[in-house]
>>> print(open('upload.tsv').read())   # TSV, C-alpha atoms
chain	number	residue	atom	x	y	z
A	1	MET	CA	112.63	100.98	89.34
A	2	ARG	CA	110.52	97.99	90.22
A	3	GLY	CA	111.86	94.47	89.81
A	4	THR	CA	110.27	91.99	87.44
A	5	LYS	CA	109.33	89.50	90.15
A	6	LYS	CA	105.87	90.17	91.58
A	7	THR	CA	105.02	90.10	95.26
A	8	ASN	CA	102.08	88.14	96.67
A	9	SER	CA	100.31	91.48	97.20
A	10	GLU	CA	100.65	92.26	93.50
A	11	TYR	CA	99.35	88.81	92.55
A	12	ILE	CA	96.35	89.36	94.85
A	13	ILE	CA	95.69	92.74	93.25
A	14	ASP	CA	95.94	91.18	89.78
A	15	THR	CA	93.36	88.59	90.90
A	16	LEU	CA	90.99	91.28	92.22
A	17	ARG	CA	91.42	93.26	88.98
A	18	THR	CA	89.47	90.50	87.21
A	19	GLY	CA	86.38	92.20	88.64
A	20	GLN	CA	85.15	89.00	90.26
A	21	THR	CA	83.94	88.62	93.84
A	22	LEU	CA	86.22	86.01	95.36
A	23	ARG	CA	86.76	84.08	98.60
A	24	SER	CA	90.22	83.75	100.14
A	25	SER	CA	90.54	80.17	98.92
A	26	GLU	CA	89.76	81.21	95.34
A	27	ILE	CA	92.25	84.07	95.51
A	28	THR	CA	94.86	81.68	96.92
A	29	GLN	CA	94.36	79.25	94.04
A	30	MET	CA	94.56	82.00	91.43
A	31	VAL	CA	97.70	83.46	93.04
A	32	SER	CA	99.32	80.01	93.17
A	33	ASP	CA	98.54	79.48	89.48
A	34	ALA	CA	99.91	82.90	88.48
A	35	ALA	CA	103.05	82.56	90.63
A	36	GLY	CA	103.70	79.02	89.46
A	37	LYS	CA	104.15	77.82	93.03
A	38	GLU	CA	102.03	76.72	95.98
A	39	VAL	CA	101.00	79.63	98.20
A	40	LYS	CA	99.50	79.08	101.67
A	41	ILE	CA	95.98	80.35	102.31
A	42	GLN	CA	97.13	81.77	105.67
A	43	ASP	CA	99.66	83.97	103.89
A	44	ILE	CA	97.05	85.21	101.40
A	45	ALA	CA	94.45	85.80	104.13
A	46	SER	CA	96.96	87.83	106.13
A	47	ILE	CA	97.86	89.99	103.13
A	48	ILE	CA	94.20	90.49	102.17
A	49	ALA	CA	93.41	91.58	105.73
A	50	LYS	CA	96.07	94.29	105.46
A	51	LEU	CA	95.19	95.35	101.91
A	52	SER	CA	91.47	95.66	102.69
A	53	ASN	CA	92.02	97.74	105.86
A	54	SER	CA	91.95	101.44	104.94
A	55	ASP	CA	93.68	102.31	108.22
A	56	LYS	CA	96.73	100.32	107.12
A	57	CYS	CA	96.63	100.64	103.34
A	58	ASN	CA	95.07	103.23	101.02
A	59	LEU	CA	93.93	100.49	98.66
A	60	GLY	CA	91.61	99.35	101.48
A	61	TYR	CA	89.20	102.13	100.57
A	62	PHE	CA	88.55	100.42	97.25
A	63	ILE	CA	88.44	96.75	98.29
A	64	LYS	CA	84.94	95.62	99.14
A	65	LYS	CA	84.79	93.00	101.89
A	66	LYS	CA	81.44	91.33	102.45
A	67	LYS	CA	80.42	88.66	104.96
A	68	THR	CA	78.56	85.68	103.49
A	69	ASP	CA	77.39	82.40	104.99
A	70	ARG	CA	80.57	80.80	103.61
A	71	GLY	CA	82.98	83.48	104.89
A	72	TYR	CA	84.18	86.78	103.52
A	73	VAL	CA	84.31	87.63	99.83
A	74	TYR	CA	86.45	90.35	98.32
A	75	SER	CA	86.21	92.48	95.21
A	76	LEU	CA	87.66	95.68	93.86
A	77	SER	CA	85.29	98.62	93.39
A	78	LYS	CA	84.29	99.29	89.78
A	79	GLU	CA	85.89	102.72	89.89
A	80	ALA	CA	89.25	101.27	91.03
A	81	LEU	CA	89.24	98.85	88.10
A	82	GLU	CA	89.96	101.88	85.89
A	83	LEU	CA	93.40	102.29	87.49
A	84	ALA	CA	96.45	100.74	85.88
A	85	PRO	CA	98.02	97.82	87.80
A	86	GLU	CA	101.10	99.89	88.74
A	87	GLN	CA	98.87	102.65	90.10
A	88	ILE	CA	97.01	100.17	92.28
A	89	TYR	CA	100.28	98.63	93.48
A	90	ASP	CA	101.45	102.10	94.51
A	91	LEU	CA	98.33	102.59	96.65
A	92	THR	CA	99.60	99.74	98.87
A	93	ARG	CA	102.82	101.64	99.64
A	94	LYS	CA	103.17	104.34	102.27
A	95	THR	CA	106.41	105.76	100.90
A	96	GLY	CA	108.38	105.91	97.69
A	97	LYS	CA	109.64	108.49	95.27
A	98	ASP	CA	107.24	109.34	92.42
A	99	ARG	CA	104.62	106.85	93.57
A	100	PHE	CA	100.97	107.18	92.59
A	101	THR	CA	99.18	108.46	95.71
A	102	ILE	CA	95.55	108.34	96.73
A	103	HIS	CA	95.35	112.06	95.92
A	104	ASP	CA	96.63	111.37	92.41
A	105	ALA	CA	94.00	108.64	92.07
A	106	ILE	CA	91.14	110.94	93.13
A	107	LYS	CA	92.38	113.73	90.87
A	108	LYS	CA	92.61	111.40	87.86
A	109	PHE	CA	89.43	109.40	88.68
A	110	PRO	CA	87.02	111.59	90.72
A	111	GLY	CA	84.56	108.68	91.03
A	112	LEU	CA	86.92	107.10	93.58
A	113	LYS	CA	86.23	109.89	96.08
A	114	LYS	CA	82.90	108.36	97.12
A	115	HIS	CA	84.77	105.41	98.66
A	116	ILE	CA	86.93	107.58	100.91
A	117	ARG	CA	85.08	108.53	104.02
A	118	PRO	CA	86.31	109.39	107.46
A	119	SER	CA	85.05	107.09	110.19
A	120	LEU	CA	83.19	109.85	111.98
A	121	PRO	CA	81.48	113.07	110.93
A	122	LYS	CA	83.74	114.97	113.36
A	123	LEU	CA	86.82	113.91	111.40
A	124	LYS	CA	88.05	115.53	108.25
A	125	LEU	CA	90.59	114.43	105.65
A	126	ARG	CA	93.87	116.30	105.33
A	127	LYS	CA	96.45	115.89	102.60
A	128	ALA	CA	99.80	114.79	103.96
A	129	GLY	CA	103.07	113.86	102.30
A	130	SER	CA	102.42	110.12	102.55
A	131	GLY	CA	98.69	110.04	101.86
A	132	ILE	CA	95.45	110.96	103.57
A	133	GLN	CA	95.44	111.45	107.32
A	134	ARG	CA	92.43	111.67	109.56
A	135	VAL	CA	92.57	114.64	111.88
A	136	PRO	CA	90.09	115.88	114.46
A	137	ALA	CA	87.94	118.83	113.53
A	138	GLU	CA	88.42	121.91	115.69
A	139	GLY	CA	87.14	121.41	119.23
A	140	THR	CA	87.25	117.61	119.05
A	141	GLY	CA	89.36	116.08	121.82
A	142	LEU	CA	91.57	113.07	121.24
A	143	ALA	CA	89.57	111.06	123.79
A	144	ASP	CA	86.34	111.81	121.91
A	145	MET	CA	88.05	110.83	118.68
A	146	ALA	CA	89.28	107.51	120.14
A	147	VAL	CA	85.86	106.60	121.58
A	148	GLY	CA	84.13	107.66	118.38
A	149	GLU	CA	86.58	105.63	116.27
A	150	MET	CA	85.96	102.57	118.45
A	151	ILE	CA	82.18	102.97	118.19
A	152	SER	CA	82.46	103.41	114.42
A	153	ARG	CA	84.47	100.20	114.10
A	154	VAL	CA	82.03	98.26	116.30
A	155	LEU	CA	79.07	99.48	114.24
A	156	LYS	CA	80.86	98.59	111.00
A	157	GLU	CA	81.59	95.07	112.27
A	158	ILE	CA	77.97	94.64	113.43
A	159	SER	CA	76.80	95.73	109.98
A	160	GLU	CA	79.17	93.29	108.25
A	161	GLN	CA	77.96	90.49	110.52
A	162	GLY	CA	74.39	91.08	109.39
A	163	GLY	CA	72.99	93.18	112.20
A	164	LEU	CA	72.46	92.91	115.93
A	165	ASN	CA	69.62	91.64	118.09
A	166	VAL	CA	69.43	93.35	121.48
A	167	ASN	CA	67.41	92.20	124.48
A	168	LEU	CA	67.33	94.73	127.27
A	169	ASN	CA	66.03	94.33	130.81
A	170	LEU	CA	65.73	97.56	132.75
A	171	THR	CA	65.26	97.84	136.48
A	172	VAL	CA	64.64	101.25	138.03
A	173	ASN	CA	64.97	101.85	141.77
A	174	PHE	CA	63.82	105.09	143.35
A	175	THR	CA	65.43	106.08	146.61
A	176	GLY	CA	64.61	108.92	148.90
A	177	LEU	CA	60.84	108.79	148.30
A	178	THR	CA	58.72	108.75	151.44
A	179	SER	CA	55.01	108.38	151.79
>>> encode(input="upload.tsv", output="structure tokens")
Amino acid sequence: MRGTKKTNSEYIIDTLRTGQTLRSSEITQMVSDAAGKEVKIQDIASIIAKLSNSDKCNLGYFIKKKKTDRGYVYSLSKEALELAPEQIYDLTRKTGKDRFTIHDAIKKFPGLKKHIRPSLPKLKLRKAGSGIQRVPAEGTGLADMAVGEMISRVLKEISEQGGLNVNLNLTVNFTGLTS
């Protein structure tokens, strides 16, 4: 049974459940108001970084993080707003008896499935006791998976930063040619 005192993660989730797109400073202020005490922006930023990372937390699939000229803004996907607060809180936990899992969420709200994507086409999702795990498809080596995962993350970061400009100089030397 859950205690009555909320954690900072739960206050952040409550803030995101308003449906607004918010910056870390706005979330911090709203959490401070709800908790009735001053909360440091560094603490909130650290928790948001974890909550919005789908590799660390299943809720990360449903938190939208967008880069703006004034920093990142966060919001909860419209489909995730249909979940009850306790269900969303459970998506932040990796273990726990009778907790609401990501599989339960997809079964109850099929619209959530569109937010859950493996990083690479070669990866597939597999149901595991503690949530969704990414596993290599048959014939995919772990080295390929690691390189592919790294490339996927770099491309995602480039996309979030607004794109990439590339200047390329190419020099070609031919050896072994005789006249």
>>> residues_around(input="upload.tsv", residues="A:Gln29", least_positions_apart="4", cutoff="10 Å", atoms="only C-alpha atoms", output="number ranges by chain")
A: 15, 24-25, 33-35, 37-41, 44
>>> closest_residue(input="upload.tsv", among="A:Leu83, A:Phe174, A:Val31, A:Leu22", to="A:Phe100", atoms="all atoms listed in the file")
A:Leu83
>>> closest_residue(input="upload.tsv", among="A:Ile116, A:Arg17, A:Asp98, A:Thr28", to="A:Glu82", atoms="only C-alpha atoms")
A:Arg17
>>> atom_distance(input="upload.tsv", atom1="atom CA of A:Thr101", atom2="atom CA of A:Ile48")
19.7 Å
>>> closest_residue(input="upload.tsv", among="A:Glu79, A:Asp55, A:Asp69, A:Asp104", to="A:Glu149", atoms="all atoms listed in the file")
A:Asp55
>>> axis_aligned_box(input="upload.tsv", around="stretch 160-173 of chain A", padding_each_side="5 Å", output="AutoDock Vina command-line options")
--center_x 71.9 --center_y 96.2 --center_z 125.0 --size_x 24.5 --size_y 21.4 --size_z 43.5
>>> decode(input="upload.tsv", residues="stretch 14-43 of chain A", atoms="N, CA, C and O atoms", output="PDB file, in the first residue's frame")
ATOM      1  N   ASP A  14       2.018  14.776 -11.720  1.00  0.00           N
ATOM      2  CA  ASP A  14       0.777  15.534 -11.541  1.00  0.00           C
ATOM      3  C   ASP A  14       0.826  16.830 -12.351  1.00  0.00           C
ATOM      4  O   ASP A  14      -0.173  17.232 -12.958  1.00  0.00           O
ATOM      5  N   THR A  15       1.979  17.469 -12.372  1.00  0.00           N
ATOM      6  CA  THR A  15       2.165  18.713 -13.126  1.00  0.00           C
ATOM      7  C   THR A  15       2.018  18.456 -14.631  1.00  0.00           C
ATOM      8  O   THR A  15       1.337  19.203 -15.327  1.00  0.00           O
ATOM      9  N   LEU A  16       2.628  17.382 -15.116  1.00  0.00           N
ATOM     10  CA  LEU A  16       2.532  17.049 -16.542  1.00  0.00           C
ATOM     11  C   LEU A  16       1.113  16.618 -16.927  1.00  0.00           C
ATOM     12  O   LEU A  16       0.697  16.799 -18.065  1.00  0.00           O
ATOM     13  N   ARG A  17       0.373  16.074 -15.970  1.00  0.00           N
ATOM     14  CA  ARG A  17      -1.006  15.643 -16.249  1.00  0.00           C
ATOM     15  C   ARG A  17      -1.943  16.824 -16.504  1.00  0.00           C
ATOM     16  O   ARG A  17      -3.077  16.629 -16.912  1.00  0.00           O
ATOM     17  N   THR A  18      -1.474  18.052 -16.302  1.00  0.00           N
ATOM     18  CA  THR A  18      -2.301  19.213 -16.633  1.00  0.00           C
ATOM     19  C   THR A  18      -2.469  19.343 -18.140  1.00  0.00           C
ATOM     20  O   THR A  18      -3.332  20.076 -18.609  1.00  0.00           O
ATOM     21  N   GLY A  19      -1.598  18.646 -18.901  1.00  0.00           N
ATOM     22  CA  GLY A  19      -1.672  18.703 -20.357  1.00  0.00           C
ATOM     23  C   GLY A  19      -0.882  19.853 -20.953  1.00  0.00           C
ATOM     24  O   GLY A  19      -0.817  19.990 -22.171  1.00  0.00           O
ATOM     25  N   GLN A  20      -0.274  20.664 -20.107  1.00  0.00           N
ATOM     26  CA  GLN A  20       0.499  21.808 -20.591  1.00  0.00           C
ATOM     27  C   GLN A  20       1.889  21.376 -21.050  1.00  0.00           C
ATOM     28  O   GLN A  20       2.400  20.339 -20.635  1.00  0.00           O
ATOM     29  N   THR A  21       2.502  22.200 -21.880  1.00  0.00           N
ATOM     30  CA  THR A  21       3.900  22.041 -22.257  1.00  0.00           C
ATOM     31  C   THR A  21       4.685  22.987 -21.361  1.00  0.00           C
ATOM     32  O   THR A  21       4.452  24.197 -21.392  1.00  0.00           O
ATOM     33  N   LEU A  22       5.602  22.416 -20.567  1.00  0.00           N
ATOM     34  CA  LEU A  22       6.246  23.201 -19.514  1.00  0.00           C
ATOM     35  C   LEU A  22       7.766  23.076 -19.537  1.00  0.00           C
ATOM     36  O   LEU A  22       8.311  22.027 -19.865  1.00  0.00           O
ATOM     37  N   ARG A  23       8.425  24.164 -19.133  1.00  0.00           N
ATOM     38  CA  ARG A  23       9.879  24.169 -18.948  1.00  0.00           C
ATOM     39  C   ARG A  23      10.189  23.679 -17.532  1.00  0.00           C
ATOM     40  O   ARG A  23       9.322  23.666 -16.660  1.00  0.00           O
ATOM     41  N   SER A  24      11.432  23.296 -17.312  1.00  0.00           N
ATOM     42  CA  SER A  24      11.845  22.793 -15.994  1.00  0.00           C
ATOM     43  C   SER A  24      11.543  23.792 -14.892  1.00  0.00           C
ATOM     44  O   SER A  24      11.103  23.410 -13.803  1.00  0.00           O
ATOM     45  N   SER A  25      11.778  25.067 -15.156  1.00  0.00           N
ATOM     46  CA  SER A  25      11.539  26.084 -14.127  1.00  0.00           C
ATOM     47  C   SER A  25      10.053  26.179 -13.774  1.00  0.00           C
ATOM     48  O   SER A  25       9.697  26.350 -12.599  1.00  0.00           O
ATOM     49  N   GLU A  26       9.194  26.025 -14.767  1.00  0.00           N
ATOM     50  CA  GLU A  26       7.753  26.063 -14.504  1.00  0.00           C
ATOM     51  C   GLU A  26       7.302  24.828 -13.716  1.00  0.00           C
ATOM     52  O   GLU A  26       6.491  24.932 -12.793  1.00  0.00           O
ATOM     53  N   ILE A  27       7.859  23.688 -14.085  1.00  0.00           N
ATOM     54  CA  ILE A  27       7.537  22.454 -13.362  1.00  0.00           C
ATOM     55  C   ILE A  27       8.010  22.576 -11.916  1.00  0.00           C
ATOM     56  O   ILE A  27       7.286  22.217 -10.983  1.00  0.00           O
ATOM     57  N   THR A  28       9.218  23.122 -11.727  1.00  0.00           N
ATOM     58  CA  THR A  28       9.760  23.296 -10.376  1.00  0.00           C
ATOM     59  C   THR A  28       8.845  24.171  -9.527  1.00  0.00           C
ATOM     60  O   THR A  28       8.551  23.842  -8.370  1.00  0.00           O
ATOM     61  N   GLN A  29       8.368  25.271 -10.091  1.00  0.00           N
ATOM     62  CA  GLN A  29       7.486  26.169  -9.346  1.00  0.00           C
ATOM     63  C   GLN A  29       6.173  25.472  -8.982  1.00  0.00           C
ATOM     64  O   GLN A  29       5.690  25.577  -7.849  1.00  0.00           O
ATOM     65  N   MET A  30       5.618  24.741  -9.932  1.00  0.00           N
ATOM     66  CA  MET A  30       4.348  24.054  -9.676  1.00  0.00           C
ATOM     67  C   MET A  30       4.514  22.933  -8.641  1.00  0.00           C
ATOM     68  O   MET A  30       3.650  22.725  -7.790  1.00  0.00           O
ATOM     69  N   VAL A  31       5.648  22.234  -8.686  1.00  0.00           N
ATOM     70  CA  VAL A  31       5.924  21.189  -7.701  1.00  0.00           C
ATOM     71  C   VAL A  31       6.103  21.807  -6.319  1.00  0.00           C
ATOM     72  O   VAL A  31       5.569  21.309  -5.324  1.00  0.00           O
ATOM     73  N   SER A  32       6.841  22.913  -6.254  1.00  0.00           N
ATOM     74  CA  SER A  32       7.040  23.609  -4.973  1.00  0.00           C
ATOM     75  C   SER A  32       5.708  24.037  -4.376  1.00  0.00           C
ATOM     76  O   SER A  32       5.465  23.877  -3.177  1.00  0.00           O
ATOM     77  N   ASP A  33       4.830  24.586  -5.211  1.00  0.00           N
ATOM     78  CA  ASP A  33       3.508  25.020  -4.743  1.00  0.00           C
ATOM     79  C   ASP A  33       2.695  23.833  -4.222  1.00  0.00           C
ATOM     80  O   ASP A  33       2.077  23.910  -3.159  1.00  0.00           O
ATOM     81  N   ALA A  34       2.703  22.738  -4.974  1.00  0.00           N
ATOM     82  CA  ALA A  34       1.912  21.561  -4.586  1.00  0.00           C
ATOM     83  C   ALA A  34       2.471  20.892  -3.325  1.00  0.00           C
ATOM     84  O   ALA A  34       1.706  20.416  -2.481  1.00  0.00           O
ATOM     85  N   ALA A  35       3.800  20.880  -3.193  1.00  0.00           N
ATOM     86  CA  ALA A  35       4.429  20.225  -2.043  1.00  0.00           C
ATOM     87  C   ALA A  35       4.403  21.111  -0.802  1.00  0.00           C
ATOM     88  O   ALA A  35       4.597  20.627   0.309  1.00  0.00           O
ATOM     89  N   GLY A  36       4.198  22.408  -1.014  1.00  0.00           N
ATOM     90  CA  GLY A  36       4.197  23.333   0.110  1.00  0.00           C
ATOM     91  C   GLY A  36       5.581  23.598   0.661  1.00  0.00           C
ATOM     92  O   GLY A  36       5.734  23.991   1.825  1.00  0.00           O
ATOM     93  N   LYS A  37       6.593  23.368  -0.164  1.00  0.00           N
ATOM     94  CA  LYS A  37       7.975  23.622   0.255  1.00  0.00           C
ATOM     95  C   LYS A  37       8.808  23.955  -0.979  1.00  0.00           C
ATOM     96  O   LYS A  37       8.434  23.631  -2.113  1.00  0.00           O
ATOM     97  N   GLU A  38       9.937  24.602  -0.746  1.00  0.00           N
ATOM     98  CA  GLU A  38      10.833  24.982  -1.846  1.00  0.00           C
ATOM     99  C   GLU A  38      11.557  23.739  -2.359  1.00  0.00           C
ATOM    100  O   GLU A  38      12.129  22.975  -1.583  1.00  0.00           O
ATOM    101  N   VAL A  39      11.495  23.535  -3.674  1.00  0.00           N
ATOM    102  CA  VAL A  39      12.183  22.417  -4.307  1.00  0.00           C
ATOM    103  C   VAL A  39      13.204  22.998  -5.271  1.00  0.00           C
ATOM    104  O   VAL A  39      12.912  23.946  -5.998  1.00  0.00           O
ATOM    105  N   LYS A  40      14.408  22.431  -5.294  1.00  0.00           N
ATOM    106  CA  LYS A  40      15.481  22.944  -6.152  1.00  0.00           C
ATOM    107  C   LYS A  40      15.279  22.512  -7.597  1.00  0.00           C
ATOM    108  O   LYS A  40      14.902  21.371  -7.873  1.00  0.00           O
ATOM    109  N   ILE A  41      15.560  23.430  -8.502  1.00  0.00           N
ATOM    110  CA  ILE A  41      15.398  23.135  -9.933  1.00  0.00           C
ATOM    111  C   ILE A  41      16.327  22.003 -10.367  1.00  0.00           C
ATOM    112  O   ILE A  41      15.973  21.195 -11.228  1.00  0.00           O
ATOM    113  N   GLN A  42      17.520  21.909  -9.751  1.00  0.00           N
ATOM    114  CA  GLN A  42      18.449  20.826 -10.101  1.00  0.00           C
ATOM    115  C   GLN A  42      17.836  19.465  -9.784  1.00  0.00           C
ATOM    116  O   GLN A  42      18.008  18.512 -10.539  1.00  0.00           O
ATOM    117  N   ASP A  43      17.138  19.383  -8.652  1.00  0.00           N
ATOM    118  CA  ASP A  43      16.505  18.117  -8.278  1.00  0.00           C
ATOM    119  C   ASP A  43      15.417  17.741  -9.279  1.00  0.00           C
ATOM    120  O   ASP A  43      15.311  16.590  -9.705  1.00  0.00           O
TER     121      ASP A  43
END
